[in-house]
$ cat protein-v2.cif   # mmCIF, C-alpha atoms
data_final
#
loop_
_atom_site.group_PDB
_atom_site.id
_atom_site.type_symbol
_atom_site.label_atom_id
_atom_site.label_comp_id
_atom_site.auth_asym_id
_atom_site.auth_seq_id
_atom_site.Cartn_x
_atom_site.Cartn_y
_atom_site.Cartn_z
ATOM 1 C CA MET C 14 -16.993 -8.058 -28.897
ATOM 2 C CA MET C 15 -19.401 -7.449 -25.992
ATOM 3 C CA THR C 16 -17.631 -9.474 -23.298
ATOM 4 C CA LYS C 17 -14.970 -6.978 -22.243
ATOM 5 C CA PRO C 18 -17.344 -4.065 -21.451
ATOM 6 C CA VAL C 19 -19.505 -6.467 -19.446
ATOM 7 C CA LYS C 20 -16.450 -7.669 -17.524
ATOM 8 C CA THR C 21 -15.361 -4.107 -16.856
ATOM 9 C CA LYS C 22 -18.787 -3.206 -15.459
ATOM 10 C CA ARG C 23 -18.702 -6.328 -13.294
ATOM 11 C CA TRP C 24 -15.299 -5.400 -11.839
ATOM 12 C CA LEU C 25 -16.461 -1.838 -11.161
ATOM 13 C CA LYS C 26 -19.531 -3.203 -9.402
ATOM 14 C CA ASN C 27 -17.305 -5.484 -7.303
ATOM 15 C CA ILE C 28 -15.062 -2.561 -6.358
ATOM 16 C CA THR C 29 -18.051 -0.510 -5.229
ATOM 17 C CA GLY C 30 -19.401 -3.366 -3.159
ATOM 18 C CA ILE C 31 -16.062 -4.093 -1.521
ATOM 19 C CA ALA C 32 -15.558 -0.418 -0.736
ATOM 20 C CA ALA C 33 -18.984 -0.170 0.904
ATOM 21 C CA ILE C 34 -18.345 -3.266 3.025
ATOM 22 C CA GLY C 35 -14.948 -1.890 3.998
ATOM 23 C CA VAL C 36 -16.446 1.408 5.128
ATOM 24 C CA ILE C 37 -18.951 -0.415 7.336
ATOM 25 C CA LEU C 38 -16.474 -2.909 8.830
ATOM 26 C CA ALA C 39 -13.661 -0.450 9.420
ATOM 27 C CA GLY C 40 -16.040 2.162 10.760
ATOM 28 C CA CYS C 41 -17.562 -0.258 13.241
ATOM 29 C CA ALA C 42 -14.116 -1.401 14.298
ATOM 30 C CA SER C 43 -13.112 2.205 14.936
ATOM 31 C CA GLN C 44 -15.479 2.310 17.901
ATOM 32 C CA GLN C 45 -12.925 0.180 19.838
ATOM 33 C CA GLN C 46 -9.846 2.276 19.104
ATOM 34 C CA ASN C 47 -9.728 4.247 22.341
ATOM 35 C CA ALA C 48 -9.940 1.131 24.525
ATOM 36 C CA ASP C 49 -6.388 0.041 23.835
ATOM 37 C CA ASP C 50 -3.389 2.318 23.310
ATOM 38 C CA VAL C 51 -1.653 -0.142 20.991
ATOM 39 C CA ASN C 52 -4.956 -1.084 19.317
ATOM 40 C CA ASP C 53 -3.962 -4.754 19.160
ATOM 41 C CA PRO C 54 -6.732 -6.861 20.754
ATOM 42 C CA ILE C 55 -5.652 -10.064 18.984
ATOM 43 C CA GLU C 56 -1.937 -9.681 19.687
ATOM 44 C CA GLY C 57 -1.474 -13.379 20.414
ATOM 45 C CA LEU C 58 -2.759 -14.437 17.004
ATOM 46 C CA ASN C 59 -0.956 -11.559 15.325
ATOM 47 C CA ARG C 60 2.344 -12.699 16.827
ATOM 48 C CA VAL C 61 1.778 -16.193 15.456
ATOM 49 C CA VAL C 62 1.196 -14.798 11.959
ATOM 50 C CA PHE C 63 4.182 -12.477 12.421
ATOM 51 C CA GLY C 64 6.323 -15.505 13.210
ATOM 52 C CA PHE C 65 5.021 -17.304 10.116
ATOM 53 C CA ASN C 66 5.831 -14.278 7.949
ATOM 54 C CA THR C 67 9.298 -14.079 9.509
ATOM 55 C CA VAL C 68 9.981 -17.683 8.524
ATOM 56 C CA LEU C 69 8.863 -16.966 4.955
ATOM 57 C CA ASP C 70 11.103 -13.920 4.897
ATOM 58 C CA VAL C 71 14.156 -15.725 6.265
ATOM 59 C CA TRP C 72 13.811 -18.664 3.902
ATOM 60 C CA PHE C 73 12.593 -16.974 0.738
ATOM 61 C CA LEU C 74 12.198 -13.198 0.577
ATOM 62 C CA ARG C 75 15.410 -12.083 2.284
ATOM 63 C CA PRO C 76 17.604 -14.453 0.182
ATOM 64 C CA ALA C 77 15.855 -13.204 -2.959
ATOM 65 C CA ALA C 78 16.396 -9.587 -1.911
ATOM 66 C CA THR C 79 20.040 -10.316 -1.054
ATOM 67 C CA LEU C 80 20.588 -11.855 -4.483
ATOM 68 C CA TYR C 81 18.731 -8.955 -6.095
ATOM 69 C CA ARG C 82 21.009 -6.432 -4.387
ATOM 70 C CA GLY C 83 24.116 -8.449 -5.127
ATOM 71 C CA LEU C 84 23.525 -9.044 -8.822
ATOM 72 C CA LEU C 85 21.965 -5.755 -9.910
ATOM 73 C CA PRO C 86 23.898 -2.486 -9.700
ATOM 74 C CA PRO C 87 22.145 0.327 -7.777
ATOM 75 C CA PRO C 88 21.129 2.253 -10.938
ATOM 76 C CA VAL C 89 19.285 -0.812 -12.239
ATOM 77 C CA GLN C 90 17.611 -1.353 -8.862
ATOM 78 C CA ASP C 91 16.543 2.298 -8.878
ATOM 79 C CA GLY C 92 15.182 1.907 -12.399
ATOM 80 C CA ILE C 93 13.077 -1.136 -11.462
ATOM 81 C CA HIS C 94 11.813 0.653 -8.356
ATOM 82 C CA ASN C 95 10.862 3.672 -10.482
ATOM 83 C CA MET C 96 9.129 1.501 -13.075
ATOM 84 C CA LEU C 97 7.022 -0.279 -10.453
ATOM 85 C CA ALA C 98 6.093 3.063 -8.912
ATOM 86 C CA ASN C 99 5.104 4.387 -12.332
ATOM 87 C CA LEU C 100 2.830 1.387 -12.918
ATOM 88 C CA SER C 101 0.963 2.265 -9.732
ATOM 89 C CA ALA C 102 0.407 5.885 -10.820
ATOM 90 C CA PRO C 103 -3.144 5.310 -12.180
ATOM 91 C CA VAL C 104 -4.256 3.971 -8.791
ATOM 92 C CA VAL C 105 -2.539 6.881 -7.030
ATOM 93 C CA LEU C 106 -4.310 9.287 -9.394
ATOM 94 C CA LEU C 107 -7.687 7.687 -8.697
ATOM 95 C CA ASN C 108 -7.204 8.074 -4.956
ATOM 96 C CA ASP C 109 -5.953 11.645 -5.348
ATOM 97 C CA VAL C 110 -9.238 12.439 -7.065
ATOM 98 C CA LEU C 111 -11.348 10.565 -4.501
ATOM 99 C CA GLN C 112 -9.641 12.568 -1.745
ATOM 100 C CA GLY C 113 -10.319 15.849 -3.493
ATOM 101 C CA GLU C 114 -6.583 16.532 -3.912
ATOM 102 C CA GLY C 115 -6.643 18.380 -7.226
ATOM 103 C CA ALA C 116 -3.068 19.661 -7.122
ATOM 104 C CA ARG C 117 -1.660 16.267 -6.176
ATOM 105 C CA ALA C 118 -3.767 14.618 -8.889
ATOM 106 C CA GLY C 119 -2.218 16.995 -11.417
ATOM 107 C CA THR C 120 1.251 16.121 -10.142
ATOM 108 C CA THR C 121 0.536 12.395 -10.438
ATOM 109 C CA ALA C 122 -0.801 12.770 -13.982
ATOM 110 C CA ALA C 123 2.211 14.854 -15.011
ATOM 111 C CA ARG C 124 4.626 12.352 -13.454
ATOM 112 C CA PHE C 125 2.980 9.460 -15.268
ATOM 113 C CA ALA C 126 3.050 11.243 -18.626
ATOM 114 C CA ILE C 127 6.663 12.392 -18.287
ATOM 115 C CA ASN C 128 8.131 9.223 -16.818
ATOM 116 C CA SER C 129 6.249 6.946 -19.226
ATOM 117 C CA THR C 130 7.739 8.800 -22.205
ATOM 118 C CA VAL C 131 10.917 10.697 -21.400
ATOM 119 C CA GLY C 132 11.613 8.280 -18.557
ATOM 120 C CA VAL C 133 11.337 5.241 -20.860
ATOM 121 C CA LEU C 134 8.273 3.470 -19.430
ATOM 122 C CA GLY C 135 9.057 4.751 -15.958
ATOM 123 C CA PHE C 136 12.559 3.296 -15.675
ATOM 124 C CA GLY C 137 13.822 6.831 -15.205
ATOM 125 C CA ASP C 138 12.317 9.553 -13.045
ATOM 126 C CA PRO C 139 12.894 12.855 -14.870
ATOM 127 C CA ALA C 140 9.602 14.164 -13.440
ATOM 128 C CA SER C 141 11.196 14.560 -10.000
ATOM 129 C CA SER C 142 13.956 16.763 -11.383
ATOM 130 C CA MET C 143 11.249 18.856 -13.062
ATOM 131 C CA GLY C 144 9.643 19.570 -9.696
ATOM 132 C CA TYR C 145 6.898 16.920 -9.729
ATOM 133 C CA LYS C 146 7.517 15.236 -6.395
ATOM 134 C CA LYS C 147 6.455 11.612 -5.991
ATOM 135 C CA HIS C 148 3.784 10.717 -3.458
ATOM 136 C CA ASP C 149 1.738 7.601 -2.704
ATOM 137 C CA GLU C 150 -1.994 7.274 -2.186
ATOM 138 C CA ASP C 151 -4.142 4.178 -1.806
ATOM 139 C CA PHE C 152 -7.752 3.416 -1.015
ATOM 140 C CA GLY C 153 -6.927 2.685 2.617
ATOM 141 C CA GLN C 154 -5.712 6.278 2.892
ATOM 142 C CA THR C 155 -8.801 7.467 1.044
ATOM 143 C CA LEU C 156 -11.042 5.767 3.583
ATOM 144 C CA GLY C 157 -8.988 7.416 6.335
ATOM 145 C CA VAL C 158 -9.446 10.825 4.723
ATOM 146 C CA TRP C 159 -13.182 10.164 4.576
ATOM 147 C CA GLY C 160 -13.164 9.629 8.338
ATOM 148 C CA VAL C 161 -13.139 5.831 8.521
ATOM 149 C CA GLY C 162 -11.199 4.588 11.549
ATOM 150 C CA GLU C 163 -8.346 2.146 11.165
ATOM 151 C CA GLY C 164 -9.868 -0.546 13.353
ATOM 152 C CA PRO C 165 -7.720 -3.051 15.258
ATOM 153 C CA TYR C 166 -4.177 -3.795 14.203
ATOM 154 C CA ILE C 167 -3.848 -7.078 12.328
ATOM 155 C CA VAL C 168 -0.999 -8.994 10.720
ATOM 156 C CA LEU C 169 -1.913 -10.613 7.411
ATOM 157 C CA PRO C 170 -0.183 -13.774 6.204
ATOM 158 C CA ILE C 171 2.458 -12.844 3.600
ATOM 159 C CA PHE C 172 1.270 -9.196 3.357
ATOM 160 C CA GLY C 173 2.222 -8.290 6.920
ATOM 161 C CA PRO C 174 1.038 -5.328 9.061
ATOM 162 C CA SER C 175 -2.427 -3.998 8.299
ATOM 163 C CA ASN C 176 -5.863 -3.185 9.717
ATOM 164 C CA PRO C 177 -9.423 -3.730 8.418
ATOM 165 C CA ARG C 178 -9.471 -0.385 6.618
ATOM 166 C CA ASP C 179 -6.137 -0.922 4.856
ATOM 167 C CA ALA C 180 -6.894 -4.572 4.068
ATOM 168 C CA VAL C 181 -10.070 -3.569 2.241
ATOM 169 C CA GLY C 182 -8.182 -0.725 0.584
ATOM 170 C CA ARG C 183 -5.598 -3.167 -0.729
ATOM 171 C CA VAL C 184 -8.327 -5.285 -2.348
ATOM 172 C CA VAL C 185 -10.036 -2.263 -3.929
ATOM 173 C CA ASP C 186 -6.733 -0.968 -5.319
ATOM 174 C CA TYR C 187 -5.992 -4.385 -6.805
ATOM 175 C CA PHE C 188 -9.278 -4.525 -8.706
ATOM 176 C CA ALA C 189 -9.082 -0.850 -9.712
ATOM 177 C CA ASP C 190 -5.577 -1.129 -11.172
ATOM 178 C CA PRO C 191 -5.791 -0.820 -14.987
ATOM 179 C CA LEU C 192 -2.898 -3.234 -15.599
ATOM 180 C CA ASN C 193 -4.457 -5.878 -13.376
ATOM 181 C CA MET C 194 -7.823 -5.352 -15.057
ATOM 182 C CA TRP C 195 -6.286 -5.722 -18.502
ATOM 183 C CA ALA C 196 -4.395 -8.856 -17.451
ATOM 184 C CA ARG C 197 -7.557 -10.475 -16.062
ATOM 185 C CA ASN C 198 -9.664 -9.626 -19.101
ATOM 186 C CA THR C 199 -7.053 -11.005 -21.503
ATOM 187 C CA ASP C 200 -6.136 -14.147 -19.529
ATOM 188 C CA ARG C 201 -2.647 -12.855 -18.759
ATOM 189 C CA ASP C 202 -2.678 -13.527 -15.020
ATOM 190 C CA GLY C 203 1.039 -14.299 -15.150
ATOM 191 C CA ILE C 204 1.690 -10.578 -15.590
ATOM 192 C CA THR C 205 -0.083 -9.776 -12.335
ATOM 193 C CA ILE C 206 1.726 -12.553 -10.481
ATOM 194 C CA GLY C 207 5.111 -11.547 -11.883
ATOM 195 C CA ARG C 208 4.527 -7.925 -10.982
ATOM 196 C CA GLY C 209 3.540 -8.911 -7.446
ATOM 197 C CA VAL C 210 6.639 -11.046 -6.934
ATOM 198 C CA LEU C 211 8.942 -8.378 -8.344
ATOM 199 C CA THR C 212 7.305 -5.727 -6.165
ATOM 200 C CA ALA C 213 7.787 -7.878 -3.061
ATOM 201 C CA VAL C 214 11.479 -8.481 -3.785
ATOM 202 C CA ASP C 215 12.092 -4.842 -4.739
ATOM 203 C CA THR C 216 10.376 -3.566 -1.584
ATOM 204 C CA ARG C 217 12.317 -5.990 0.625
ATOM 205 C CA ALA C 218 15.563 -4.889 -1.021
ATOM 206 C CA TYR C 219 14.627 -1.202 -0.776
ATOM 207 C CA TYR C 220 14.086 -1.417 2.993
ATOM 208 C CA TYR C 221 16.661 -4.153 3.556
ATOM 209 C CA ASP C 222 18.918 -2.287 5.995
ATOM 210 C CA ALA C 223 16.032 -0.779 7.986
ATOM 211 C CA ILE C 224 14.338 -4.158 8.424
ATOM 212 C CA GLU C 225 17.560 -5.887 9.447
ATOM 213 C CA ASP C 226 18.304 -3.110 11.925
ATOM 214 C CA ILE C 227 14.932 -3.539 13.636
ATOM 215 C CA ARG C 228 15.242 -7.305 13.801
ATOM 216 C CA ASN C 229 18.789 -7.251 15.133
ATOM 217 C CA ASN C 230 18.585 -4.341 17.556
ATOM 218 C CA SER C 231 14.987 -4.164 18.769
ATOM 219 C CA LEU C 232 14.030 -5.846 22.035
ATOM 220 C CA ASP C 233 10.629 -6.662 20.502
ATOM 221 C CA PRO C 234 10.646 -6.563 16.689
ATOM 222 C CA TYR C 235 6.908 -7.263 16.580
ATOM 223 C CA ALA C 236 6.094 -4.175 18.669
ATOM 224 C CA SER C 237 8.555 -2.076 16.661
ATOM 225 C CA PHE C 238 7.013 -3.036 13.319
ATOM 226 C CA ARG C 239 3.533 -2.427 14.720
ATOM 227 C CA SER C 240 4.453 1.055 15.942
ATOM 228 C CA LEU C 241 6.222 2.016 12.721
ATOM 229 C CA TYR C 242 3.365 0.781 10.559
ATOM 230 C CA ARG C 243 0.713 2.723 12.469
ATOM 231 C CA GLN C 244 2.826 5.897 12.523
ATOM 232 C CA ARG C 245 3.580 5.624 8.825
ATOM 233 C CA ARG C 246 -0.074 5.123 7.894
ATOM 234 C CA GLU C 247 -1.168 8.011 10.108
ATOM 235 C CA ALA C 248 1.422 10.279 8.502
ATOM 236 C CA ALA C 249 0.391 9.133 5.018
ATOM 237 C CA ILE C 250 -3.260 9.993 5.639
ATOM 238 C CA GLN C 251 -2.300 13.446 6.905
ATOM 239 C CA ASN C 252 0.226 13.959 4.067
ATOM 240 C CA ASN C 253 2.659 14.943 6.856
ATOM 241 C CA ASP C 254 1.312 18.496 6.754
ATOM 242 C CA GLY C 255 -1.663 18.655 9.083
ATOM 243 C CA PRO C 256 -5.182 17.231 9.263
ATOM 244 C CA LYS C 257 -7.046 16.577 6.063
ATOM 245 C CA VAL C 258 -9.759 14.222 7.298
ATOM 246 C CA GLN C 259 -13.118 15.021 5.794
ATOM 247 C CA ASN C 260 -16.551 13.460 5.425
ATOM 248 C CA SER C 261 -17.164 11.404 2.334
ATOM 249 C CA PRO C 262 -19.586 13.155 -0.019
ATOM 250 C CA GLU C 263 -21.211 9.806 -0.832
ATOM 251 C CA LEU C 264 -21.547 8.289 2.654
ATOM 252 C CA SER C 265 -23.761 9.250 5.563
ATOM 253 C CA TYR C 266 -22.191 7.007 8.200
ATOM 254 C CA ASP C 267 -20.967 8.838 11.309
ATOM 255 C CA PHE C 268 -17.554 7.306 11.929
ATOM 256 C CA GLU C 269 -14.788 8.704 14.112
ATOM 257 C CA ALA C 270 -11.623 9.688 12.280
ATOM 258 C CA PRO C 271 -8.286 8.534 13.708
ATOM 259 C CA SER C 272 -6.399 11.098 15.747
ATOM 260 C CA PRO C 273 -4.022 13.215 13.638
ATOM 261 C CA GLY C 274 -0.339 12.373 13.990
ATOM 262 C CA ASP C 275 2.669 14.539 13.331
ATOM 263 C CA GLU C 276 5.373 11.893 13.119
ATOM 264 C CA GLU C 277 7.603 12.183 10.081
ATOM 265 C CA LEU C 278 9.085 8.967 8.777
ATOM 266 C CA THR C 279 11.949 8.700 6.365
ATOM 267 C CA GLU C 280 12.752 5.907 3.952
ATOM 268 C CA ALA C 281 15.951 4.003 4.498
ATOM 269 C CA ARG C 282 18.042 2.402 1.895
#

$ encode --input "protein-v2.cif" --output "structure tokens"
Amino acid sequence: MMTKPVKTKRWLKNITGIAAIGVILAGCASQQQNADDVNDPIEGLNRVVFGFNTVLDVWFLRPAATLYRGLLPPPVQDGIHNMLANLSAPVVLLNDVLQGEGARAGTTAARFAINSTVGVLGFGDPASSMGYKKHDEDFGQTLGVWGVGEGPYIVLPIFGPSNPRDAVGRVVDYFADPLNMWARNTDRDGITIGRGVLTAVDTRAYYYDAIEDIRNNSLDPYASFRSLYRQRREAAIQNNDGPKVQNSPELSYDFEAPSPGDEELTEAR
């Protein structure tokens, strides 16, 4: 009866440690940001990984997304997309709170309560029609709000475009996710794996046309994906409505915040 609380404390301790390391690494990396406009000092290696990811996409992910789009009618695809988004709401809520976004935290909590009940476990999205607009937050964005620089652009195997700050944020969000924590503590790792695979296929299907357009019409798809990723992350940190970078109340490190951006990106489907 005592093992689960101990495990929970251990995971929380791991999250704190990872977050602290991420702040230090990403903050140190931010010192190099102004030296290179594209912020891509290891472009050669990144292009190799990009090519590897492209092969994986062509042979596995794109066919799966094509089959997904072909077999499931749009309403079902929308329902799965909504459900996956609803499952991520606790992590979004946590990051809303960490960023001091009280109003957005209230919106996230209301969306989760409404969509989990009236929306049938998140398959529907009645919260949007009630005025509770969906938004995304993650720990990478939280670090950005706290003033941690993005560091150099990197391409991760399988996961794709990233940077040190967002890579650490991804790990923290994984361990902080209540569903993942429950699955680990109850030896149901298959749930986490299945959710990850479904999320990958759903995301690839959701942005299918936009991705194909870049690959078919861009002179340099690598550079295009790099630019779009950095713009999108910048806009996400700023919430598309002006600067919101602030000092972390718990950290005394003096890191430079990334320059505010005003690009507005739209989702394509």

$ resolve_selection --input "protein-v2.cif" --expression "the PyMOL selection byres ((chain C and resi 144) around 12)" --output "MDAnalysis selection string"
chainID C and resid 120:121 123:124 127 138:143 145:147

$ atom_distance --input "protein-v2.cif" --atom1 "CA of Asn229 in chain C" --atom2 "CA of Leu58 in chain C"
22.8 Å

$ resolve_selection --input "protein-v2.cif" --expression "the PyMOL selection byres ((chain C and resi 101) around 12)" --output "number ranges by chain"
C: 94-100, 102-108, 121-122, 124-125, 129, 135, 147-151, 186-187, 189-193, 208-209, 212

$ closest_residue --input "protein-v2.cif" --among "C:Ile204, C:Pro88, C:Phe238, C:Leu169" --to "Glu225 in chain C" --atoms "only C-alpha atoms"
C:Phe238

$ atom_distance --input "protein-v2.cif" --atom1 "CA of Gly157 in chain C" --atom2 "CA of Arg178 in chain C"
7.8 Å

$ atom_distance --input "protein-v2.cif" --atom1 "CA of Ala218 in chain C" --atom2 "CA of Tyr81 in chain C"
7.2 Å

$ closest_residue --input "protein-v2.cif" --among "C:Gly207, C:Gly182, C:Gly113, C:Gly164" --to "Arg243 in chain C" --atoms "only C-alpha atoms"
C:Gly164

$ closest_residue --input "protein-v2.cif" --among "C:Ala236, C:Val131, C:Ala223, C:Leu211" --to "Gln90 in chain C" --atoms "only C-alpha atoms"
C:Leu211

$ residues_around --input "protein-v2.cif" --residues "Asp70 in chain C" --least-positions-apart "2" --cutoff "12 Å" --atoms "all atoms listed in the file" --output "mmCIF file with C-alpha atoms, in the frame of the given file"
data_model
loop_
_atom_site.group_PDB
_atom_site.id
_atom_site.type_symbol
_atom_site.label_atom_id
_atom_site.label_comp_id
_atom_site.auth_asym_id
_atom_site.auth_seq_id
_atom_site.Cartn_x
_atom_site.Cartn_y
_atom_site.Cartn_z
ATOM 1 C CA PHE C 63 4.182 -12.477 12.421
ATOM 2 C CA GLY C 64 6.323 -15.505 13.210
ATOM 3 C CA PHE C 65 5.021 -17.304 10.116
ATOM 4 C CA ASN C 66 5.831 -14.278 7.949
ATOM 5 C CA THR C 67 9.298 -14.079 9.509
ATOM 6 C CA VAL C 68 9.981 -17.683 8.524
ATOM 7 C CA TRP C 72 13.811 -18.664 3.902
ATOM 8 C CA PHE C 73 12.593 -16.974 0.738
ATOM 9 C CA LEU C 74 12.198 -13.198 0.577
ATOM 10 C CA ARG C 75 15.410 -12.083 2.284
ATOM 11 C CA PRO C 76 17.604 -14.453 0.182
ATOM 12 C CA ALA C 77 15.855 -13.204 -2.959
ATOM 13 C CA ALA C 78 16.396 -9.587 -1.911
ATOM 14 C CA THR C 79 20.040 -10.316 -1.054
ATOM 15 C CA PRO C 170 -0.183 -13.774 6.204
ATOM 16 C CA ILE C 171 2.458 -12.844 3.600
ATOM 17 C CA PHE C 172 1.270 -9.196 3.357
ATOM 18 C CA GLY C 173 2.222 -8.290 6.920
ATOM 19 C CA ALA C 213 7.787 -7.878 -3.061
ATOM 20 C CA VAL C 214 11.479 -8.481 -3.785
ATOM 21 C CA ARG C 217 12.317 -5.990 0.625
ATOM 22 C CA ALA C 218 15.563 -4.889 -1.021
ATOM 23 C CA TYR C 221 16.661 -4.153 3.556
ATOM 24 C CA ILE C 224 14.338 -4.158 8.424
ATOM 25 C CA GLU C 225 17.560 -5.887 9.447
ATOM 26 C CA ARG C 228 15.242 -7.305 13.801
#

$ closest_residue --input "protein-v2.cif" --among "C:Pro87, C:Pro177, C:Gly57, C:Gly160" --to "Gln112 in chain C" --atoms "all atoms listed in the file"
C:Gly160

$ axis_aligned_box --input "protein-v2.cif" --around "range 95-111 of chain C" --padding-each-side "8 Å" --output "lines of an AutoDock Vina configuration file"
center_x = -0.2
center_y = 6.1
center_z = -8.8
size_x = 38.2
size_y = 28.7
size_z = 24.6
